[in-house]
Number of protein chains: 2
Amino acid sequence: MENNVETRSARKDREIIEAATAAFIAKGYDGTSMEEIATKAGASKQTVYKHFKDKETLFTEVVEATASQTNDIVEAVTMLLSEAKFMEGGLQQLARRMIAALMDDELLRLRRLIIANADRMPQLGRSWYEKGFERMLASVASCFQKLTDRGLLQTSDPRMAASHLFGMVLWIPMNEAMFTGRNPRSKADLERHADASVEAFLAAYGVRPK
Amino acid sequence: MENNVETRSARKDREIIEAATAAFIAKGYDGTSMEEIATKAGASKQTVYKHFKDKETLFTEVVEATASQTNDIVEAVTMLLSEAKFMEGGLQQLARRMIAALMDDELLRLRRLIIANADRMPQLGRSWYEKGFERMLASVASCFQKLTDRGLLQTSDPRMAASHLFGMVLWIPMNEAMFTGRNPRSKADLERHADASVEAFLAAYGVRPK
């Protein structure tokens, strides 16, 4: 019985977070009210406030849930890549998954909201930076360390190498999307961009033929 | 006399743009009124409206003026670098100047404002992207083309190579500043970061010893 009650509460949490994510993405932070989120979640306003004490708390939960989902995608690929036999194909997979996950339209809108509100909610941006950005970097860095130990890459500073891969893959498309408000690139174009970056990455960090 | 009148008008333009830049950076777009800008510029509200038809136009001018100043810095370094004899020192200078120019506190705040308003003012973000981001990339790409022609670099796609240098140098510090609302890094730390990226860039695009 105890378990059942917990489960129901957790499900309500999830439903509210999902409704809030959609609302924030569609209307921004200021444009979204707790009332609207309640309606979308099929809950009363009181229930929403019982689960999340205010709009900022709920926004933080939305940001953390999204960061965590995106991390899971990258982590799944780095785990496979750590065990890979050949570098190029595996790294291409990683770079393509990274770019697909991070150039997702909804994620981009959320990312823009976080940046827009970084001044008045610094804790929120810090949370995204630590739980999203840095955790993802750490997953890739740990994968590069393993690949270096196995003699398949040459990275003396795996975290720096990870940031180089992210930066090469994402600098242009991410900035274009942030500034112009949308990602104008096709999936194929993003993949070509990812592949070119992997080629440069391997020229810098791959194991040279003797 | 004609000239004198033009000069006075151009000076008033500049004074208004400077006052507007400071106001937008301090209080954001919504938090700034044309009246306030007029007071800061020592002009009447009518004069401000005579020079710039509305707040959005003025904000666009601010963004373009700032993009142009930042470009000038990068362009000056790429012109020198195109003539350089040795790569490593010259590229370090370029990367350090890039990171110093782009991690400037006021520029970061302006950049955040552009991203925050990209939804409702897509033309503004597009203008920054084209006149700032892409022009800077084009300067560096043209420099890399010259260096490749001179046999000092190996870039088959100089624009891609330029984006790789920007991305490696800026991915971590720029995102940290965007999300957390400030740049927590010292000048020395930024330079170390730039130098490490130049090292990786040269491993990827430098001319290999035969």
# chains A, B, ... in the order shown; residues from 1 in each chain; ligands from 1
>>> calpha_fit_and_write(fixed="chain B", moving="chain A", output="mmCIF file with C-alpha atoms, in the first residue's frame")
data_model
loop_
_atom_site.group_PDB
_atom_site.id
_atom_site.type_symbol
_atom_site.label_atom_id
_atom_site.label_comp_id
_atom_site.auth_asym_id
_atom_site.auth_seq_id
_atom_site.Cartn_x
_atom_site.Cartn_y
_atom_site.Cartn_z
ATOM 1 C CA MET A 1 29.083 73.254 -43.798
ATOM 2 C CA GLU A 2 27.254 70.217 -45.210
ATOM 3 C CA ASN A 3 30.067 68.049 -43.873
ATOM 4 C CA ASN A 4 29.887 69.642 -40.472
ATOM 5 C CA VAL A 5 26.184 68.918 -40.175
ATOM 6 C CA GLU A 6 26.728 65.294 -41.192
ATOM 7 C CA THR A 7 29.506 64.927 -38.659
ATOM 8 C CA ARG A 8 27.364 66.269 -35.863
ATOM 9 C CA SER A 9 24.573 63.870 -36.755
ATOM 10 C CA ALA A 10 26.991 60.949 -36.912
ATOM 11 C CA ARG A 11 28.385 61.914 -33.518
ATOM 12 C CA LYS A 12 24.887 62.033 -32.038
ATOM 13 C CA ASP A 13 24.228 58.577 -33.554
ATOM 14 C CA ARG A 14 27.336 57.261 -31.876
ATOM 15 C CA GLU A 15 26.496 58.857 -28.524
ATOM 16 C CA ILE A 16 22.998 57.391 -28.591
ATOM 17 C CA ILE A 17 24.314 53.958 -29.552
ATOM 18 C CA GLU A 18 26.865 54.074 -26.729
ATOM 19 C CA ALA A 19 24.225 55.103 -24.192
ATOM 20 C CA ALA A 20 21.853 52.419 -25.483
ATOM 21 C CA THR A 21 24.555 49.731 -25.316
ATOM 22 C CA ALA A 22 25.224 50.534 -21.654
ATOM 23 C CA ALA A 23 21.509 50.631 -20.839
ATOM 24 C CA PHE A 24 20.626 47.349 -22.582
ATOM 25 C CA ILE A 25 23.581 45.590 -20.967
ATOM 26 C CA ALA A 26 22.658 46.876 -17.517
ATOM 27 C CA LYS A 27 18.882 46.357 -17.637
ATOM 28 C CA GLY A 28 18.052 44.040 -20.495
ATOM 29 C CA TYR A 29 15.851 44.821 -23.467
ATOM 30 C CA ASP A 30 12.493 45.048 -21.727
ATOM 31 C CA GLY A 31 13.963 46.891 -18.750
ATOM 32 C CA THR A 32 15.301 49.737 -20.894
ATOM 33 C CA SER A 33 13.194 52.654 -22.136
ATOM 34 C CA MET A 34 13.926 55.100 -24.936
ATOM 35 C CA GLU A 35 13.535 57.874 -22.348
ATOM 36 C CA GLU A 36 16.339 56.420 -20.251
ATOM 37 C CA ILE A 37 18.586 56.115 -23.286
ATOM 38 C CA ALA A 38 17.881 59.738 -24.164
ATOM 39 C CA THR A 39 18.829 60.887 -20.651
ATOM 40 C CA LYS A 40 22.025 58.828 -20.695
ATOM 41 C CA ALA A 41 22.935 60.236 -24.131
ATOM 42 C CA GLY A 42 22.215 63.797 -23.014
ATOM 43 C CA ALA A 43 19.607 64.123 -25.751
ATOM 44 C CA SER A 44 15.876 64.670 -25.877
ATOM 45 C CA LYS A 45 13.546 61.737 -26.473
ATOM 46 C CA GLN A 46 12.521 63.395 -29.747
ATOM 47 C CA THR A 47 16.143 63.464 -30.924
ATOM 48 C CA VAL A 48 16.554 59.764 -30.143
ATOM 49 C CA TYR A 49 13.408 58.953 -32.130
ATOM 50 C CA LYS A 50 14.582 61.181 -34.964
ATOM 51 C CA HIS A 51 17.798 59.141 -35.203
ATOM 52 C CA PHE A 52 16.289 55.681 -34.541
ATOM 53 C CA LYS A 53 12.668 54.952 -35.280
ATOM 54 C CA ASP A 54 12.050 52.582 -32.357
ATOM 55 C CA LYS A 55 13.697 50.579 -29.585
ATOM 56 C CA GLU A 56 14.110 47.482 -31.738
ATOM 57 C CA THR A 57 15.914 49.476 -34.449
ATOM 58 C CA LEU A 58 18.226 50.937 -31.838
ATOM 59 C CA PHE A 59 18.901 47.512 -30.320
ATOM 60 C CA THR A 60 19.768 46.232 -33.790
ATOM 61 C CA GLU A 61 22.222 49.094 -34.244
ATOM 62 C CA VAL A 62 23.798 48.292 -30.881
ATOM 63 C CA VAL A 63 24.190 44.660 -31.857
ATOM 64 C CA GLU A 64 25.682 45.513 -35.235
ATOM 65 C CA ALA A 65 28.103 48.057 -33.801
ATOM 66 C CA THR A 66 29.321 45.545 -31.209
ATOM 67 C CA ALA A 67 29.635 42.748 -33.766
ATOM 68 C CA SER A 68 31.657 45.063 -35.950
ATOM 69 C CA GLN A 69 34.044 46.068 -33.122
ATOM 70 C CA THR A 70 34.668 42.441 -32.183
ATOM 71 C CA ASN A 71 35.267 41.538 -35.808
ATOM 72 C CA ASP A 72 37.802 44.309 -36.150
ATOM 73 C CA ILE A 73 39.890 42.787 -33.355
ATOM 74 C CA VAL A 74 39.844 39.311 -34.892
ATOM 75 C CA GLU A 75 40.464 40.687 -38.370
ATOM 76 C CA ALA A 76 43.522 42.633 -37.249
ATOM 77 C CA VAL A 77 45.047 39.440 -35.844
ATOM 78 C CA THR A 78 44.213 37.298 -38.874
ATOM 79 C CA MET A 79 45.838 39.857 -41.160
ATOM 80 C CA LEU A 80 49.058 39.636 -39.190
ATOM 81 C CA LEU A 81 48.794 35.847 -38.943
ATOM 82 C CA SER A 82 48.379 35.472 -42.709
ATOM 83 C CA GLU A 83 51.880 36.899 -43.080
ATOM 84 C CA ALA A 84 53.412 34.964 -40.164
ATOM 85 C CA LYS A 85 56.503 32.828 -40.607
ATOM 86 C CA PHE A 86 55.787 30.272 -37.854
ATOM 87 C CA MET A 87 52.440 28.827 -36.961
ATOM 88 C CA GLU A 88 52.358 28.058 -33.285
ATOM 89 C CA GLY A 89 53.058 31.499 -31.800
ATOM 90 C CA GLY A 90 50.804 33.216 -34.329
ATOM 91 C CA LEU A 91 47.915 30.846 -33.765
ATOM 92 C CA GLN A 92 48.299 31.218 -30.021
ATOM 93 C CA GLN A 93 48.002 34.976 -30.432
ATOM 94 C CA LEU A 94 44.879 34.543 -32.543
ATOM 95 C CA ALA A 95 43.262 32.117 -30.098
ATOM 96 C CA ARG A 96 44.098 34.272 -27.084
ATOM 97 C CA ARG A 97 42.744 37.416 -28.764
ATOM 98 C CA MET A 98 39.618 35.544 -29.821
ATOM 99 C CA ILE A 99 38.938 34.282 -26.328
ATOM 100 C CA ALA A 100 39.666 37.667 -24.724
ATOM 101 C CA ALA A 101 37.430 39.503 -27.194
ATOM 102 C CA LEU A 102 34.532 37.058 -26.990
ATOM 103 C CA MET A 103 34.651 36.462 -23.244
ATOM 104 C CA ASP A 104 34.378 40.170 -22.511
ATOM 105 C CA ASP A 105 31.703 40.684 -19.819
ATOM 106 C CA GLU A 106 29.688 43.245 -21.744
ATOM 107 C CA LEU A 107 29.802 41.240 -24.927
ATOM 108 C CA LEU A 108 28.604 38.160 -23.037
ATOM 109 C CA ARG A 109 25.633 40.065 -21.638
ATOM 110 C CA LEU A 110 24.713 41.355 -25.066
ATOM 111 C CA ARG A 111 25.079 37.869 -26.511
ATOM 112 C CA ARG A 112 22.708 36.535 -23.859
ATOM 113 C CA LEU A 113 20.179 39.257 -24.682
ATOM 114 C CA ILE A 114 20.275 38.374 -28.364
ATOM 115 C CA ILE A 115 19.668 34.697 -27.611
ATOM 116 C CA ALA A 116 16.899 35.565 -25.149
ATOM 117 C CA ASN A 117 15.121 37.622 -27.812
ATOM 118 C CA ALA A 118 15.767 35.368 -30.807
ATOM 119 C CA ASP A 119 12.167 34.151 -30.805
ATOM 120 C CA ARG A 120 10.472 37.518 -31.039
ATOM 121 C CA MET A 121 13.227 39.319 -32.978
ATOM 122 C CA PRO A 122 14.583 36.658 -35.342
ATOM 123 C CA GLN A 123 15.951 39.340 -37.657
ATOM 124 C CA LEU A 124 18.186 40.623 -34.873
ATOM 125 C CA GLY A 125 19.699 37.216 -34.163
ATOM 126 C CA ARG A 126 20.144 36.626 -37.887
ATOM 127 C CA SER A 127 21.970 39.938 -38.177
ATOM 128 C CA TRP A 128 24.335 39.063 -35.291
ATOM 129 C CA TYR A 129 24.896 35.631 -36.743
ATOM 130 C CA GLU A 130 25.737 36.973 -40.201
ATOM 131 C CA LYS A 131 27.592 40.161 -39.324
ATOM 132 C CA GLY A 132 29.314 38.877 -36.195
ATOM 133 C CA PHE A 133 29.607 35.116 -36.055
ATOM 134 C CA GLU A 134 29.929 34.318 -39.763
ATOM 135 C CA ARG A 135 32.080 37.296 -40.663
ATOM 136 C CA MET A 136 34.551 36.338 -37.952
ATOM 137 C CA LEU A 137 34.568 32.769 -39.208
ATOM 138 C CA ALA A 138 35.166 34.066 -42.741
ATOM 139 C CA SER A 139 38.158 36.185 -41.635
ATOM 140 C CA VAL A 140 39.775 33.215 -39.960
ATOM 141 C CA ALA A 141 38.919 30.913 -42.876
ATOM 142 C CA SER A 142 40.505 33.293 -45.354
ATOM 143 C CA CYS A 143 43.622 33.463 -43.184
ATOM 144 C CA PHE A 144 43.777 29.639 -43.055
ATOM 145 C CA GLN A 145 43.431 29.493 -46.832
ATOM 146 C CA LYS A 146 46.443 31.802 -47.219
ATOM 147 C CA LEU A 147 48.463 29.786 -44.712
ATOM 148 C CA THR A 148 47.538 26.580 -46.531
ATOM 149 C CA ASP A 149 48.607 28.144 -49.849
ATOM 150 C CA ARG A 150 51.909 29.076 -48.211
ATOM 151 C CA GLY A 151 52.384 25.475 -47.023
ATOM 152 C CA LEU A 152 52.122 26.335 -43.319
ATOM 153 C CA LEU A 153 48.778 24.643 -42.633
ATOM 154 C CA GLN A 154 46.871 21.761 -44.191
ATOM 155 C CA THR A 155 43.203 22.680 -44.460
ATOM 156 C CA SER A 156 41.139 21.241 -47.301
ATOM 157 C CA ASP A 157 38.073 23.101 -45.958
ATOM 158 C CA PRO A 158 39.344 26.305 -44.307
ATOM 159 C CA ARG A 159 35.893 27.357 -43.077
ATOM 160 C CA MET A 160 35.408 24.040 -41.312
ATOM 161 C CA ALA A 161 38.914 24.322 -39.864
ATOM 162 C CA ALA A 162 38.108 27.835 -38.615
ATOM 163 C CA SER A 163 34.939 26.585 -36.924
ATOM 164 C CA HIS A 164 36.996 23.818 -35.312
ATOM 165 C CA LEU A 165 39.397 26.335 -33.835
ATOM 166 C CA PHE A 166 36.571 28.538 -32.527
ATOM 167 C CA GLY A 167 34.718 25.515 -31.148
ATOM 168 C CA MET A 168 37.728 24.027 -29.379
ATOM 169 C CA VAL A 169 38.722 27.350 -27.868
ATOM 170 C CA LEU A 170 35.267 28.529 -26.851
ATOM 171 C CA TRP A 171 32.937 25.580 -26.224
ATOM 172 C CA ILE A 172 33.505 25.277 -22.482
ATOM 173 C CA PRO A 173 34.058 28.894 -21.410
ATOM 174 C CA MET A 174 31.301 30.306 -23.610
ATOM 175 C CA ASN A 175 28.687 27.815 -22.453
ATOM 176 C CA GLU A 176 29.698 28.202 -18.842
ATOM 177 C CA ALA A 177 29.257 31.962 -19.158
ATOM 178 C CA MET A 178 25.956 31.675 -21.029
ATOM 179 C CA PHE A 179 24.382 29.249 -18.544
ATOM 180 C CA THR A 180 25.706 30.580 -15.285
ATOM 181 C CA GLY A 181 25.393 34.230 -16.186
ATOM 182 C CA ARG A 182 29.037 35.106 -15.792
ATOM 183 C CA ASN A 183 32.557 34.158 -16.791
ATOM 184 C CA PRO A 184 34.258 32.761 -13.683
ATOM 185 C CA ARG A 185 37.636 32.238 -15.361
ATOM 186 C CA SER A 186 40.747 34.342 -15.009
ATOM 187 C CA LYS A 187 42.610 35.698 -18.025
ATOM 188 C CA ALA A 188 45.458 33.213 -17.361
ATOM 189 C CA ASP A 189 43.008 30.307 -17.222
ATOM 190 C CA LEU A 190 41.398 31.376 -20.501
ATOM 191 C CA GLU A 191 44.826 31.617 -22.109
ATOM 192 C CA ARG A 192 45.816 28.131 -20.951
ATOM 193 C CA HIS A 193 42.565 26.876 -22.427
ATOM 194 C CA ALA A 194 43.282 28.687 -25.712
ATOM 195 C CA ASP A 195 46.828 27.299 -25.865
ATOM 196 C CA ALA A 196 45.662 23.698 -25.322
ATOM 197 C CA SER A 197 43.185 24.122 -28.155
ATOM 198 C CA VAL A 198 45.848 25.498 -30.481
ATOM 199 C CA GLU A 199 47.991 22.454 -29.726
ATOM 200 C CA ALA A 200 45.135 20.118 -30.730
ATOM 201 C CA PHE A 201 44.358 22.273 -33.761
ATOM 202 C CA LEU A 202 47.941 22.041 -34.979
ATOM 203 C CA ALA A 203 47.953 18.276 -34.431
ATOM 204 C CA ALA A 204 44.917 18.116 -36.729
ATOM 205 C CA TYR A 205 45.784 20.800 -39.285
ATOM 206 C CA GLY A 206 49.467 21.521 -38.920
ATOM 207 C CA VAL A 207 52.014 20.444 -41.482
ATOM 208 C CA ARG A 208 53.482 17.104 -40.444
ATOM 209 C CA PRO A 209 57.260 16.812 -40.394
ATOM 210 C CA LYS A 210 58.297 14.517 -43.271
#
>>> select_by_dssp(residues="chain B", states="helix (DSSP H, G or I)", output="PyMOL selection string")
chain B and resi 2-27+34-41+45-51+55-82+87-102+105-116+122-149+158-180+187-205
>>> decode(residues="stretch 12-25 of chain B", atoms="N, CA and C atoms", output="CSV table (one decimal), in the first residue's frame")
chain,number,residue,atom,x,y,z
B,12,LYS,N,26.1,62.3,-32.9
B,12,LYS,CA,24.9,62.0,-32.0
B,12,LYS,C,24.5,60.6,-32.1
B,13,ASP,N,24.5,60.0,-33.4
B,13,ASP,CA,24.2,58.6,-33.6
B,13,ASP,C,25.1,57.8,-32.6
B,14,ARG,N,26.4,58.1,-32.7
B,14,ARG,CA,27.3,57.3,-31.9
B,14,ARG,C,27.0,57.4,-30.4
B,15,GLU,N,26.8,58.6,-30.0
B,15,GLU,CA,26.5,58.8,-28.5
B,15,GLU,C,25.2,58.1,-28.1
B,16,ILE,N,24.2,58.1,-29.0
B,16,ILE,CA,23.0,57.4,-28.6
B,16,ILE,C,23.3,55.9,-28.6
B,17,ILE,N,24.0,55.4,-29.6
B,17,ILE,CA,24.3,53.9,-29.6
B,17,ILE,C,25.1,53.5,-28.3
B,18,GLU,N,26.1,54.4,-27.9
B,18,GLU,CA,26.8,54.1,-26.7
B,18,GLU,C,26.0,54.0,-25.5
B,19,ALA,N,25.1,55.0,-25.4
B,19,ALA,CA,24.2,55.1,-24.2
B,19,ALA,C,23.3,53.9,-24.2
B,20,ALA,N,22.8,53.5,-25.4
B,20,ALA,CA,21.8,52.4,-25.5
B,20,ALA,C,22.5,51.1,-25.2
B,21,THR,N,23.8,50.9,-25.6
B,21,THR,CA,24.5,49.7,-25.3
B,21,THR,C,24.6,49.5,-23.8
B,22,ALA,N,25.1,50.6,-23.1
B,22,ALA,CA,25.2,50.5,-21.7
B,22,ALA,C,23.9,50.2,-21.0
B,23,ALA,N,22.8,50.8,-21.5
B,23,ALA,CA,21.5,50.6,-20.9
B,23,ALA,C,21.0,49.2,-21.1
B,24,PHE,N,21.1,48.7,-22.3
B,24,PHE,CA,20.6,47.3,-22.6
B,24,PHE,C,21.4,46.3,-21.8
B,25,ILE,N,22.7,46.5,-21.7
B,25,ILE,CA,23.6,45.6,-21.0
B,25,ILE,C,23.2,45.6,-19.5
